[in-house]
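Trainee: My structure is in target-v9.csv, and what it holds is CSV, C-alpha atoms and all ligand atoms:
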chain,number,residue,atom,x,y,z
A,14,MET,CA,0.0,0.0,0.0
A,15,CYS,CA,1.4,3.4,-0.9
A,16,VAL,CA,0.1,6.5,0.7
A,17,HIS,CA,0.5,9.8,-1.2
A,18,ILE,CA,0.7,12.8,1.0
A,19,VAL,CA,-0.3,16.1,-0.6
A,20,GLY,CA,0.3,19.4,1.3
A,21,ASP,CA,0.4,23.1,0.7
A,22,THR,CA,3.6,23.5,2.8
A,23,THR,CA,6.7,21.4,3.4
A,24,ALA,CA,6.0,21.7,7.1
A,25,LYS,CA,2.6,19.9,6.7
A,26,LEU,CA,4.1,17.3,4.4
A,27,ALA,CA,6.8,16.6,7.1
A,28,ALA,CA,4.2,16.6,9.9
A,29,VAL,CA,1.9,14.1,8.2
A,30,GLY,CA,4.8,12.1,6.9
A,31,SER,CA,6.2,11.7,10.5
A,32,LEU,CA,2.8,10.1,11.5
A,33,LEU,CA,3.0,7.4,8.8
A,34,ALA,CA,6.6,6.9,7.8
A,35,GLU,CA,7.4,4.1,10.2
A,36,LYS,CA,4.3,2.1,9.3
A,37,LEU,CA,3.6,2.6,5.6
A,38,PRO,CA,5.4,3.5,2.4
A,39,ILE,CA,4.7,7.1,1.6
A,40,ALA,CA,5.3,9.7,-1.1
A,41,SER,CA,5.0,13.4,-0.5
A,42,GLU,CA,4.4,16.2,-2.9
A,43,LEU,CA,3.6,19.9,-2.6
A,44,LEU,CA,0.1,20.8,-3.9
A,45,GLY,CA,0.5,22.3,-7.4
A,46,LYS,CA,3.3,19.9,-8.3
A,47,VAL,CA,1.3,16.7,-7.8
A,48,CYS,CA,1.0,14.1,-10.5
A,49,LEU,CA,-1.0,11.0,-9.7
A,50,ARG,CA,-1.5,9.9,-13.3
A,51,GLY,CA,-0.2,6.4,-14.0
A,52,ARG,CA,1.0,5.9,-10.4
A,53,ASP,CA,-0.1,3.1,-8.1
A,54,VAL,CA,-1.6,5.1,-5.3
A,55,HIS,CA,-3.9,3.5,-2.8
A,56,ALA,CA,-4.7,6.4,-0.6
A,57,VAL,CA,-4.1,10.2,-0.6
A,58,VAL,CA,-3.9,12.3,2.5
A,59,VAL,CA,-4.5,16.0,1.7
A,60,ALA,CA,-3.2,18.6,4.3
A,61,ALA,CA,-4.0,22.0,2.8
A,62,ASP,CA,-5.8,25.1,3.8
A,63,LEU,CA,-9.1,24.8,1.9
A,64,ARG,CA,-9.8,28.6,2.3
A,65,ASP,CA,-6.9,29.3,0.0
A,66,ILE,CA,-8.1,29.8,-3.6
A,67,ASP,CA,-4.8,28.5,-5.1
A,68,ASN,CA,-5.1,25.3,-3.1
A,69,ILE,CA,-8.7,24.9,-4.2
A,70,SER,CA,-7.9,25.3,-7.9
A,71,ALA,CA,-4.9,23.0,-7.6
A,72,LEU,CA,-7.1,20.3,-6.1
A,73,LYS,CA,-9.7,20.9,-8.7
A,74,ASN,CA,-7.0,20.4,-11.4
A,75,LEU,CA,-6.2,17.0,-9.9
A,76,GLY,CA,-9.8,16.2,-10.5
A,77,LYS,CA,-10.1,12.8,-12.3
A,78,ASP,CA,-6.7,11.5,-11.2
A,79,LEU,CA,-7.7,12.1,-7.5
A,80,SER,CA,-11.1,10.5,-8.0
A,81,ARG,CA,-9.4,7.3,-9.2
A,82,VAL,CA,-7.8,6.9,-5.7
A,83,SER,CA,-10.2,4.9,-3.6
A,84,LYS,CA,-9.3,6.5,-0.2
A,85,ARG,CA,-9.0,10.3,-0.1
A,86,ILE,CA,-8.6,11.7,3.4
A,87,PHE,CA,-8.6,15.4,3.9
A,88,LEU,CA,-7.1,16.9,7.0
A,89,ILE,CA,-8.8,20.2,7.8
A,90,GLU,CA,-7.4,22.9,10.1
A,91,GLN,CA,-10.6,23.9,11.9
A,92,ARG,CA,-13.8,22.1,12.2
A,93,SER,CA,-15.9,24.6,10.3
A,94,ARG,CA,-18.8,23.8,8.1
A,95,LEU,CA,-17.1,25.6,5.2
A,96,SER,CA,-14.0,23.4,5.4
A,97,ILE,CA,-16.0,20.2,5.6
A,98,VAL,CA,-18.2,21.1,2.7
A,99,GLN,CA,-15.2,22.2,0.7
A,100,ALA,CA,-13.3,19.0,1.4
A,101,TYR,CA,-16.2,16.8,0.2
A,102,ALA,CA,-16.8,19.1,-2.8
A,103,LEU,CA,-13.1,18.6,-3.7
A,104,GLY,CA,-13.4,14.8,-3.6
A,105,ALA,CA,-12.8,13.7,0.0
A,106,THR,CA,-14.1,10.3,1.0
A,107,SER,CA,-13.5,11.2,4.7
A,108,VAL,CA,-12.5,14.3,6.6
A,109,LEU,CA,-10.5,14.5,9.8
A,110,THR,CA,-9.9,17.6,11.9
A,111,GLN,CA,-6.4,18.6,13.0
A,112,PRO,CA,-4.6,17.9,15.2
A,113,VAL,CA,-4.7,14.3,14.0
A,114,ASN,CA,-2.5,11.7,15.7
A,115,ALA,CA,-0.8,8.7,14.1
A,116,ALA,CA,-3.3,6.1,15.5
A,117,THR,CA,-6.3,8.0,14.1
A,118,LEU,CA,-4.8,8.4,10.7
A,119,LEU,CA,-3.5,4.9,10.5
A,120,ALA,CA,-6.9,3.5,11.6
A,121,GLU,CA,-8.5,5.5,8.8
A,122,LEU,CA,-6.0,4.3,6.3
A,123,LEU,CA,-5.7,0.7,7.3
A,124,GLU,CA,-9.3,-0.3,8.0
A,125,PRO,CA,-10.6,-3.0,5.7
A,126,GLY,CA,-11.0,-1.8,2.2
A,127,THR,CA,-8.0,0.4,1.7
A,128,VAL,CA,-5.1,-2.0,1.7
A,129,ASP,CA,-6.1,-4.3,-1.1
A,130,SER,CA,-6.7,-3.1,-4.6
A,131,LYS,CA,-9.6,-5.5,-5.1
A,132,PRO,CA,-13.0,-4.3,-3.8
A,133,PRO,CA,-13.5,-5.5,-0.2
A,134,ALA,CA,-16.7,-6.7,1.3
A,135,GLY,CA,-17.4,-3.5,3.0
A,136,SER,CA,-16.5,-1.1,0.3
A,137,ASN,CA,-20.0,-0.5,-1.0
A,138,SER,CA,-21.2,0.8,2.3
A,139,GLU,CA,-18.2,3.1,2.5
A,140,GLN,CA,-18.7,4.4,-1.0
A,141,ALA,CA,-22.4,4.9,-0.5
A,142,ALA,CA,-21.7,6.7,2.8
A,143,ALA,CA,-19.1,8.9,1.2
A,144,ALA,CA,-21.5,9.8,-1.6
A,145,GLY,CA,-24.2,10.5,1.0
A,146,ALA,CA,-21.8,12.8,3.0
A,147,ALA,CA,-20.9,14.6,-0.2
A,148,CYS,CA,-24.6,15.0,-1.0
A,149,PHE,CA,-25.3,16.5,2.5
A,150,ALA,CA,-22.3,18.8,2.1
A,151,ALA,CA,-23.6,20.0,-1.2
A,152,MET,CA,-27.1,20.6,0.2
A,153,PHE,CA,-25.9,22.4,3.2
A,154,ALA,CA,-23.7,24.6,1.1
A,155,ALA,CA,-26.6,25.4,-1.2
A,156,ILE,CA,-28.8,26.4,1.7
A,157,LEU,CA,-26.1,28.7,3.1
A,158,ARG,CA,-25.8,30.3,-0.3
A,159,GLY,CA,-29.5,30.5,-0.7
A,160,ALA,CA,-29.3,28.4,-3.9
A,161,PRO,CA,-31.6,25.6,-4.9
A,162,ILE,CA,-30.6,22.1,-3.9
A,163,ASP,CA,-30.4,19.1,-6.3
A,164,ILE,CA,-33.4,17.1,-5.1
A,165,GLU,CA,-33.0,14.4,-7.7
A,166,ALA,CA,-29.3,13.9,-6.7
A,167,ALA,CA,-30.4,13.5,-3.1
A,168,LYS,CA,-33.1,10.9,-4.0
A,169,LEU,CA,-30.5,9.0,-6.1
A,170,VAL,CA,-28.2,8.9,-3.1
A,171,GLY,CA,-31.2,7.6,-1.1
A,172,ARG,CA,-31.7,4.8,-3.7
A,173,HIS,CA,-28.1,3.8,-3.4
A,174,ILE,CA,-28.3,3.7,0.4
A,175,THR,CA,-31.5,1.6,0.2
A,176,GLU,CA,-29.8,-0.9,-2.2
A,177,ASN,CA,-26.8,-1.0,0.1
A,178,ILE,CA,-28.8,-1.8,3.2
A,179,THR,CA,-31.0,-4.3,1.3
A,180,GLU,CA,-27.8,-6.1,0.2
A,181,HIS,CA,-25.5,-5.8,3.3
A,182,GLY,CA,-27.8,-5.1,6.2
A,183,LEU,CA,-28.0,-2.2,8.7
A,184,SER,CA,-25.0,-3.1,10.9
A,185,GLN,CA,-22.5,-2.8,8.2
A,186,TRP,CA,-24.0,0.6,7.3
A,187,LEU,CA,-23.8,1.9,10.9
A,188,ALA,CA,-20.2,0.7,11.2
A,189,ALA,CA,-19.1,2.4,7.9
A,190,VAL,CA,-20.9,5.7,8.7
A,191,ARG,CA,-19.6,5.9,12.3
A,192,ARG,CA,-16.0,5.0,11.2
A,193,HIS,CA,-15.7,7.8,8.6
A,194,HIS,CA,-18.1,10.6,9.4
A,195,GLU,CA,-18.9,12.9,12.2
A,196,GLY,CA,-21.4,15.5,13.3
A,197,THR,CA,-24.5,16.3,11.5
A,198,PHE,CA,-23.6,14.5,8.3
A,199,GLN,CA,-23.0,11.3,10.3
A,200,HIS,CA,-26.3,11.8,12.0
A,201,CYS,CA,-28.2,12.3,8.7
A,202,LEU,CA,-26.5,9.2,7.2
A,203,LEU,CA,-27.4,7.1,10.3
A,204,VAL,CA,-31.0,8.3,10.4
A,205,THR,CA,-31.4,7.5,6.7
A,206,GLY,CA,-30.0,4.0,7.1
A,207,VAL,CA,-32.1,3.3,10.2
A,208,ALA,CA,-35.3,4.7,8.5
A,209,VAL,CA,-34.7,2.6,5.4
A,210,ASP,CA,-34.1,-0.5,7.4
A,211,PHE,CA,-37.2,0.2,9.4
A,212,GLY,CA,-39.3,0.6,6.2
A,213,LEU,CA,-37.9,-2.7,4.8
A,214,CYS,CA,-38.5,-4.5,8.2
A,215,LEU,CA,-42.1,-3.3,8.2
A,216,GLY,CA,-42.5,-4.6,4.7
A,217,LEU,CA,-43.5,-1.2,3.3
A,218,ALA,CA,-44.0,-0.9,-0.5
A,219,PRO,CA,-40.9,0.3,-2.3
A,220,ALA,CA,-42.5,3.7,-3.0
A,221,ASP,CA,-43.1,4.1,0.7
A,222,VAL,CA,-39.6,3.1,1.6
A,223,GLU,CA,-38.3,5.7,-0.9
A,224,ARG,CA,-40.6,8.3,0.7
A,225,LEU,CA,-39.3,7.5,4.2
A,226,CYS,CA,-35.7,7.5,2.9
A,227,SER,CA,-36.2,11.0,1.3
A,228,ALA,CA,-37.8,12.3,4.5
A,229,ALA,CA,-34.8,11.1,6.5
A,230,ILE,CA,-32.3,12.6,4.0
A,231,PHE,CA,-34.0,16.0,4.3
A,232,HIS,CA,-35.2,15.9,7.9
A,233,ASP,CA,-32.4,18.0,9.5
A,234,ILE,CA,-31.5,20.2,6.5
A,235,GLY,CA,-32.5,23.2,8.6
A,236,LYS,CA,-29.4,22.6,10.7
A,237,ALA,CA,-27.4,24.1,7.9
A,238,LYS,CA,-28.2,27.5,9.5
A,239,ILE,CA,-27.1,26.6,13.0
A,240,PRO,CA,-23.4,27.1,14.1
A,241,LEU,CA,-21.4,24.0,14.5
A,242,ALA,CA,-20.3,25.2,17.9
A,243,ILE,CA,-23.8,24.8,19.1
A,244,LEU,CA,-24.7,21.7,17.1
A,245,ASP,CA,-21.6,19.8,18.2
A,246,LYS,CA,-21.5,21.2,21.8
A,247,PRO,CA,-21.0,18.3,24.2
A,248,GLY,CA,-23.3,18.3,27.2
A,249,HIS,CA,-25.7,20.9,28.4
A,250,LEU,CA,-27.1,23.5,26.1
A,251,GLU,CA,-28.1,27.0,27.3
A,252,THR,CA,-31.7,28.0,26.8
A,253,ASP,CA,-30.9,30.4,23.9
A,254,GLU,CA,-28.9,27.6,22.2
A,255,ARG,CA,-31.7,25.1,22.6
A,256,ILE,CA,-34.2,27.6,21.2
A,257,LEU,CA,-31.9,28.2,18.2
A,258,ILE,CA,-31.5,24.4,17.6
A,259,GLU,CA,-35.3,24.0,17.8
A,260,THR,CA,-35.8,26.3,14.8
A,261,HIS,CA,-34.3,23.7,12.4
A,262,PRO,CA,-37.5,21.8,11.5
A,263,VAL,CA,-39.2,25.1,10.4
A,264,VAL,CA,-36.1,26.4,8.7
A,265,GLY,CA,-35.8,23.1,6.7
A,266,TYR,CA,-39.5,23.1,5.9
A,267,GLU,CA,-39.5,26.8,4.7
A,268,PHE,CA,-36.5,26.1,2.5
A,269,LEU,CA,-37.8,22.8,1.0
A,270,LYS,CA,-41.3,24.0,0.3
A,271,ASP,CA,-40.0,26.3,-2.4
A,272,GLN,CA,-38.1,23.5,-4.1
A,273,ASN,CA,-39.5,21.4,-6.9
A,274,GLY,CA,-39.8,17.7,-6.3
A,275,VAL,CA,-40.5,17.6,-2.6
A,276,SER,CA,-43.9,16.1,-1.8
A,277,PRO,CA,-46.2,17.4,0.9
A,278,GLU,CA,-45.6,14.2,3.0
A,279,ILE,CA,-41.9,14.8,3.0
A,280,LEU,CA,-42.4,18.5,3.9
A,281,ASP,CA,-44.7,17.3,6.8
A,282,ALA,CA,-42.0,14.9,8.0
A,283,VAL,CA,-39.3,17.6,7.9
A,284,ARG,CA,-41.4,20.0,9.9
A,285,HIS,CA,-42.7,17.6,12.4
A,286,HIS,CA,-40.1,15.0,13.1
A,287,HIS,CA,-39.7,16.4,16.7
A,288,GLU,CA,-43.4,16.2,17.5
A,289,TYR,CA,-44.6,13.7,20.1
A,290,LEU,CA,-48.0,12.0,20.3
A,291,ASP,CA,-48.7,13.6,23.7
A,292,GLY,CA,-48.3,17.1,22.3
A,293,SER,CA,-45.0,17.8,24.1
A,294,GLY,CA,-42.9,18.1,20.9
A,295,TYR,CA,-42.0,21.1,18.7
A,296,PRO,CA,-42.4,23.2,16.7
A,297,ASP,CA,-46.2,23.0,16.5
A,298,GLY,CA,-47.1,21.0,19.6
A,299,LEU,CA,-49.1,18.6,17.5
A,300,GLY,CA,-51.1,15.8,19.1
A,301,ALA,CA,-51.4,12.2,17.9
A,302,ALA,CA,-54.3,12.9,15.6
A,303,SER,CA,-52.2,15.2,13.5
A,304,ILE,CA,-49.0,13.2,13.3
A,305,ALA,CA,-48.8,11.1,10.2
A,306,ASP,CA,-47.4,7.5,10.0
A,307,LEU,CA,-44.4,8.6,8.0
A,308,VAL,CA,-43.5,11.2,10.6
A,309,ARG,CA,-43.9,8.6,13.4
A,310,MET,CA,-41.5,6.2,11.7
A,311,LEU,CA,-39.0,9.0,11.1
A,312,THR,CA,-39.2,10.2,14.7
A,313,VAL,CA,-38.4,6.7,16.0
A,314,SER,CA,-35.5,6.3,13.6
A,315,ASP,CA,-34.2,9.8,14.4
A,316,ILE,CA,-34.1,9.3,18.1
A,317,PHE,CA,-32.5,5.9,17.9
A,318,ALA,CA,-29.8,7.1,15.4
A,319,ALA,CA,-29.1,10.1,17.6
A,320,LEU,CA,-28.5,7.8,20.6
A,321,ILE,CA,-26.1,5.4,18.8
A,322,GLU,CA,-24.0,8.0,16.9
A,323,PHE,CA,-20.3,8.3,17.4
A,324,ARG,CA,-19.1,11.3,19.4
A,325,SER,CA,-15.5,11.8,20.1
A,326,TYR,CA,-16.2,12.7,23.7
A,327,LYS,CA,-18.3,9.7,24.7
A,328,PRO,CA,-18.5,6.0,24.0
A,329,ILE,CA,-21.0,4.7,21.5
A,330,MET,CA,-24.2,3.8,23.3
A,331,PRO,CA,-25.0,0.0,22.8
A,332,ARG,CA,-28.1,-0.6,20.6
A,333,GLU,CA,-29.8,-2.4,23.4
A,334,GLN,CA,-29.5,0.6,25.7
A,335,ALA,CA,-30.8,2.9,23.0
A,336,TYR,CA,-33.8,0.7,22.4
A,337,ASP,CA,-34.6,0.7,26.1
A,338,ILE,CA,-34.7,4.5,26.0
A,339,LEU,CA,-37.2,4.3,23.1
A,340,ARG,CA,-39.3,1.9,25.0
A,341,GLY,CA,-39.3,4.2,28.0
A,342,MET,CA,-40.8,7.1,26.0
A,343,HIS,CA,-44.3,6.2,27.0
A,344,GLY,CA,-47.0,8.3,25.4
A,345,LYS,CA,-44.6,10.1,23.1
A,346,LEU,CA,-44.0,7.4,20.5
A,347,GLU,CA,-46.4,4.9,19.0
A,348,ALA,CA,-46.0,1.8,21.1
A,349,PRO,CA,-46.7,-0.7,18.3
A,350,LEU,CA,-44.2,1.0,16.1
A,351,VAL,CA,-41.5,0.9,18.8
A,352,LYS,CA,-42.3,-2.8,19.3
A,353,ALA,CA,-41.9,-3.3,15.5
A,354,PHE,CA,-38.6,-1.4,15.7
A,355,ARG,CA,-37.1,-4.0,17.9
A,356,ASP,CA,-35.7,-6.1,15.1
A,357,VAL,CA,-34.1,-3.0,13.5
A,358,ALA,CA,-32.6,-1.9,16.8
A,359,LEU,CA,-31.3,-5.2,18.0
A,360,THR,CA,-30.9,-7.8,15.3
A,361,ARG,CA,-30.7,-6.5,11.8
B,1,FE,FE,-34.1,17.2,13.8
B,2,FE,FE,-32.3,14.3,13.3
Write the structure described by the file as structure tokens, please.
Ligand SMILES: [Fe+2]
Ligand SMILES: [Fe+2]
Mentor:
Amino acid sequence: MCVHIVGDTTAKLAAVGSLLAEKLPIASELLGKVCLRGRDVHAVVVAADLRDIDNISALKNLGKDLSRVSKRIFLIEQRSRLSIVQAYALGATSVLTQPVNAATLLAELLEPGTVDSKPPAGSNSEQAAAAGAACFAAMFAAILRGAPIDIEAAKLVGRHITENITEHGLSQWLAAVRRHHEGTFQHCLLVTGVAVDFGLCLGLAPADVERLCSAAIFHDIGKAKIPLAILDKPGHLETDERILIETHPVVGYEFLKDQNGVSPEILDAVRHHHEYLDGSGYPDGLGAASIADLVRMLTVSDIFAALIEFRSYKPIMPREQAYDILRGMHGKLEAPLVKAFRDVALTR
């Protein structure tokens, strides 16, 4: 396995090289002088300031040659949405925030699927997850710019995720997503996978699974407007922070209702996925009679996915414990649905 390190300064090349040199064969080149064509490169690690216009255009010039490398890890200086979005837009398959230590980078490089040139068993999940993360990055960037989002591209990503989960199961999807992605994109990928598997488990018609999948893909799109410092804050939220976070269903709904190709059922799910049957949810305090089946399924999937997501500051909650929390939400979630969710939560 040869890892190609690409950096915008010699200091960054040296720093990343020192993390890997004892473990893997490496090659290092300054961005702008990189040539990947015709070379046997298994993975690329990019350490460059993605706010720099010269770096962006140099990475764009690498274009197709970069996309032929199966593993493309971008190291970003600061965990800002702009940097994450930019990294995925430039072809990253995963993004790590500096400072990155040797163990983290090696784990990312050496996990199954990157060492061999032949496609490994898990590669489909990882490719689908990377495509999904890129899709979320593009949608979030569009919202921040006030530009339309590519609804059909998002639905296509949903179909790939559905195919992947149908073929490989939910567990592989959860592992691939948690291994490579973090924050809101991780959450959206997990919710989508869980919701799809829930739909398949319930035996829904393909059109209904697709609708549930789309609702999951779009459900938290309003979070694009919320600062990462609040979204990713560990522990207690101040009242004003919580109020801001709770705007995301309406923000997402308001944005999507002006887009072509988003059905009323999906808009309803985006706006109401934090409503509870007992009326204690938000933003509209709906009661059971006003909460549609699609929304109920999405809410169960959303809560479960939020509980089991990977956070750097805490261990992953076991699926059994997360399911127990769902079962304890008496009156808020539909009990037969929670019961039906058991297989998704524990065995699939
Ligand atoms: Fe949400
Ligand atoms: Fe969510």
Trainee: Can you pull out the residues contacting Leu118 of chain A? Cut-off 10 Å, using all atoms listed in the file, and skip same-chain residues under 6 positions away; I want them as a PyMOL selection string.
Mentor: chain A and resi 29+32-33+58+86+88+109
Trainee: With only C-alpha atoms and all ligand atoms as the basis for distance, which of A:Asn177, A:Ser303, A:Thr260, A:Gln272 is at the shortest distance from ligand FE 1 (chain B)?
Mentor: A:Thr260
Trainee: Taking a cut-off of 7 Å and counting only C-alpha atoms and all ligand atoms, can you build a table that, for each residue of chain A near ligand FE 1 (chain B), reports the nearest atom pair and how far apart they are in Å (one decimal), sorted by chain then residue number, as a tab-separated table?
Mentor:
residue	atom	partner	partner_atom	distance
A:His232	CA	B:FE1	FE	6.1
A:Asp233	CA	B:FE1	FE	4.7
A:His261	CA	B:FE1	FE	6.7
A:Pro262	CA	B:FE1	FE	6.2
A:His286	CA	B:FE1	FE	6.4
A:His287	CA	B:FE1	FE	6.4
Trainee: Using all atoms listed in the file, what table do you get, as JSON lines, when you list each residue of chain A with an atom no more than 7 Å from ligand FE 2 (chain B), its nearest pair of atoms, and their distance in Å rounded to one decimal, rows by chain then rising number?
Mentor:
{"residue": "A:His200", "atom": "CA", "partner": "B:FE2", "partner_atom": "FE", "distance": 6.6}
{"residue": "A:Cys201", "atom": "CA", "partner": "B:FE2", "partner_atom": "FE", "distance": 6.5}
{"residue": "A:Val204", "atom": "CA", "partner": "B:FE2", "partner_atom": "FE", "distance": 6.8}
{"residue": "A:His232", "atom": "CA", "partner": "B:FE2", "partner_atom": "FE", "distance": 6.3}
{"residue": "A:Asp233", "atom": "CA", "partner": "B:FE2", "partner_atom": "FE", "distance": 5.3}
{"residue": "A:Asp315", "atom": "CA", "partner": "B:FE2", "partner_atom": "FE", "distance": 5.0}
{"residue": "A:Ala319", "atom": "CA", "partner": "B:FE2", "partner_atom": "FE", "distance": 6.8}
Trainee: Have a look at A:Lys236, A:His193, A:Lys73, A:Lys246 and name the one nearest to Val108 of chain A; count only C-alpha atoms.
Mentor: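 Answer, going by the shortest atom-to-atom distance: A:His193.
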Trainee: At what distance in Å, to one decimal, does atom CA of Arg284 of chain A lie from atom CA of Pro331 of chain A?
Mentor: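 Separation of atom CA of Pro331 of chain A and atom CA of Arg284 of chain A: 28.9 Å.
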Trainee: Can you tell me, as a ChimeraX atom specification, what residues are no more than 12 Å from Gly212 of chain A when counting all atoms listed in the file, ignoring any on the same chain fewer than 2 positions away?
Mentor: /A:175,178-179,183,205-210,214-229,306-307,309-311,313-314,350,353-354,356-357
Trainee: Given the selection you just returned, output its residues as a file containing C-alpha atoms, formatted as a PDB file, in the coordinates of the input.
Mentor:
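That gives us out_37.pdb:
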ATOM      1  CA  THR A 175     -31.500   1.600   0.200  1.00  0.00           C
ATOM      2  CA  ILE A 178     -28.800  -1.800   3.200  1.00  0.00           C
ATOM      3  CA  THR A 179     -31.000  -4.300   1.300  1.00  0.00           C
ATOM      4  CA  LEU A 183     -28.000  -2.200   8.700  1.00  0.00           C
ATOM      5  CA  THR A 205     -31.400   7.500   6.700  1.00  0.00           C
ATOM      6  CA  GLY A 206     -30.000   4.000   7.100  1.00  0.00           C
ATOM      7  CA  VAL A 207     -32.100   3.300  10.200  1.00  0.00           C
ATOM      8  CA  ALA A 208     -35.300   4.700   8.500  1.00  0.00           C
ATOM      9  CA  VAL A 209     -34.700   2.600   5.400  1.00  0.00           C
ATOM     10  CA  ASP A 210     -34.100  -0.500   7.400  1.00  0.00           C
ATOM     11  CA  CYS A 214     -38.500  -4.500   8.200  1.00  0.00           C
ATOM     12  CA  LEU A 215     -42.100  -3.300   8.200  1.00  0.00           C
ATOM     13  CA  GLY A 216     -42.500  -4.600   4.700  1.00  0.00           C
ATOM     14  CA  LEU A 217     -43.500  -1.200   3.300  1.00  0.00           C
ATOM     15  CA  ALA A 218     -44.000  -0.900  -0.500  1.00  0.00           C
ATOM     16  CA  PRO A 219     -40.900   0.300  -2.300  1.00  0.00           C
ATOM     17  CA  ALA A 220     -42.500   3.700  -3.000  1.00  0.00           C
ATOM     18  CA  ASP A 221     -43.100   4.100   0.700  1.00  0.00           C
ATOM     19  CA  VAL A 222     -39.600   3.100   1.600  1.00  0.00           C
ATOM     20  CA  GLU A 223     -38.300   5.700  -0.900  1.00  0.00           C
ATOM     21  CA  ARG A 224     -40.600   8.300   0.700  1.00  0.00           C
ATOM     22  CA  LEU A 225     -39.300   7.500   4.200  1.00  0.00           C
ATOM     23  CA  CYS A 226     -35.700   7.500   2.900  1.00  0.00           C
ATOM     24  CA  SER A 227     -36.200  11.000   1.300  1.00  0.00           C
ATOM     25  CA  ALA A 228     -37.800  12.300   4.500  1.00  0.00           C
ATOM     26  CA  ALA A 229     -34.800  11.100   6.500  1.00  0.00           C
ATOM     27  CA  ASP A 306     -47.400   7.500  10.000  1.00  0.00           C
ATOM     28  CA  LEU A 307     -44.400   8.600   8.000  1.00  0.00           C
ATOM     29  CA  ARG A 309     -43.900   8.600  13.400  1.00  0.00           C
ATOM     30  CA  MET A 310     -41.500   6.200  11.700  1.00  0.00           C
ATOM     31  CA  LEU A 311     -39.000   9.000  11.100  1.00  0.00           C
ATOM     32  CA  VAL A 313     -38.400   6.700  16.000  1.00  0.00           C
ATOM     33  CA  SER A 314     -35.500   6.300  13.600  1.00  0.00           C
ATOM     34  CA  LEU A 350     -44.200   1.000  16.100  1.00  0.00           C
ATOM     35  CA  ALA A 353     -41.900  -3.300  15.500  1.00  0.00           C
ATOM     36  CA  PHE A 354     -38.600  -1.400  15.700  1.00  0.00           C
ATOM     37  CA  ASP A 356     -35.700  -6.100  15.100  1.00  0.00           C
ATOM     38  CA  VAL A 357     -34.100  -3.000  13.500  1.00  0.00           C
TER      39      VAL A 357
END
Trainee: For Ser276 of chain A, which residue among A:Ala144, A:Ile164, A:Ile234, A:Leu244 is the nearest when counting all atoms listed in the file?
Mentor: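 That would be A:Ile164, the residue with the smallest distance to Ser276 of chain A.
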Trainee: When distances are computed from only C-alpha atoms, which of A:Gln140, A:Asn68, A:Asn273, A:Gln111 shows the smallest separation from Pro161 of chain A?
Mentor: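 The closest residue to Pro161 of chain A is A:Asn273.
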Trainee: Between atom CA of Pro240 of chain A and atom CA of Arg92 of chain A, measure the distance and give it in Å to one decimal.
Mentor: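 Computed distance, atom CA of Pro240 of chain A to atom CA of Arg92 of chain A, equals 11.0 Å.
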Trainee: For Leu43 of chain A, please output as a list in words all residues within 9 Å (counting all atoms listed in the file; exclusion window: fewer than 4 positions along the same chain).
Mentor: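 Once the nearby chain positions are removed, what remains is Ile18, Val19, Gly20, Asp21, Thr22, Thr23, Leu26 and Val47 of chain A.
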Trainee: Can I get the selected residues back with C-alpha atoms, as a PDB file, in the coordinates of the input?
Mentor:
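The resulting part_7.pdb:
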ATOM      1  CA  ILE A  18       0.700  12.800   1.000  1.00  0.00           C
ATOM      2  CA  VAL A  19      -0.300  16.100  -0.600  1.00  0.00           C
ATOM      3  CA  GLY A  20       0.300  19.400   1.300  1.00  0.00           C
ATOM      4  CA  ASP A  21       0.400  23.100   0.700  1.00  0.00           C
ATOM      5  CA  THR A  22       3.600  23.500   2.800  1.00  0.00           C
ATOM      6  CA  THR A  23       6.700  21.400   3.400  1.00  0.00           C
ATOM      7  CA  LEU A  26       4.100  17.300   4.400  1.00  0.00           C
ATOM      8  CA  VAL A  47       1.300  16.700  -7.800  1.00  0.00           C
TER       9      VAL A  47
END
Trainee: Under the rule that all atoms listed in the file are counted, which of A:Asn74, A:Pro247, A:Lys270, A:Arg158 is the nearest residue to Lys327 of chain A?
Mentor: A:Pro247
Trainee: Smallest atom-to-atom distance to Val170 of chain A: which of A:Ala318, A:Ser138, A:Tyr266, A:Pro112, using all atoms listed in the file?
Mentor: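 Of all the options, A:Ser138 lies closest to Val170 of chain A.
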Trainee: What's the separation between atom CA of Ala151 of chain A and atom CA of Phe198 of chain A, in Å to one decimal place?
Mentor: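 About the pair atom CA of Ala151 of chain A and atom CA of Phe198 of chain A: they are 11.0 Å apart.
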Trainee: Excluding Gly76 of chain A and any residue of its chain fewer than 5 positions from it, enumerate the residues within 10 Å of it, using all atoms listed in the file, and give them as a list in words.
Mentor: Ser70, Ala71, Arg81, Leu103 and Gly104 of chain A
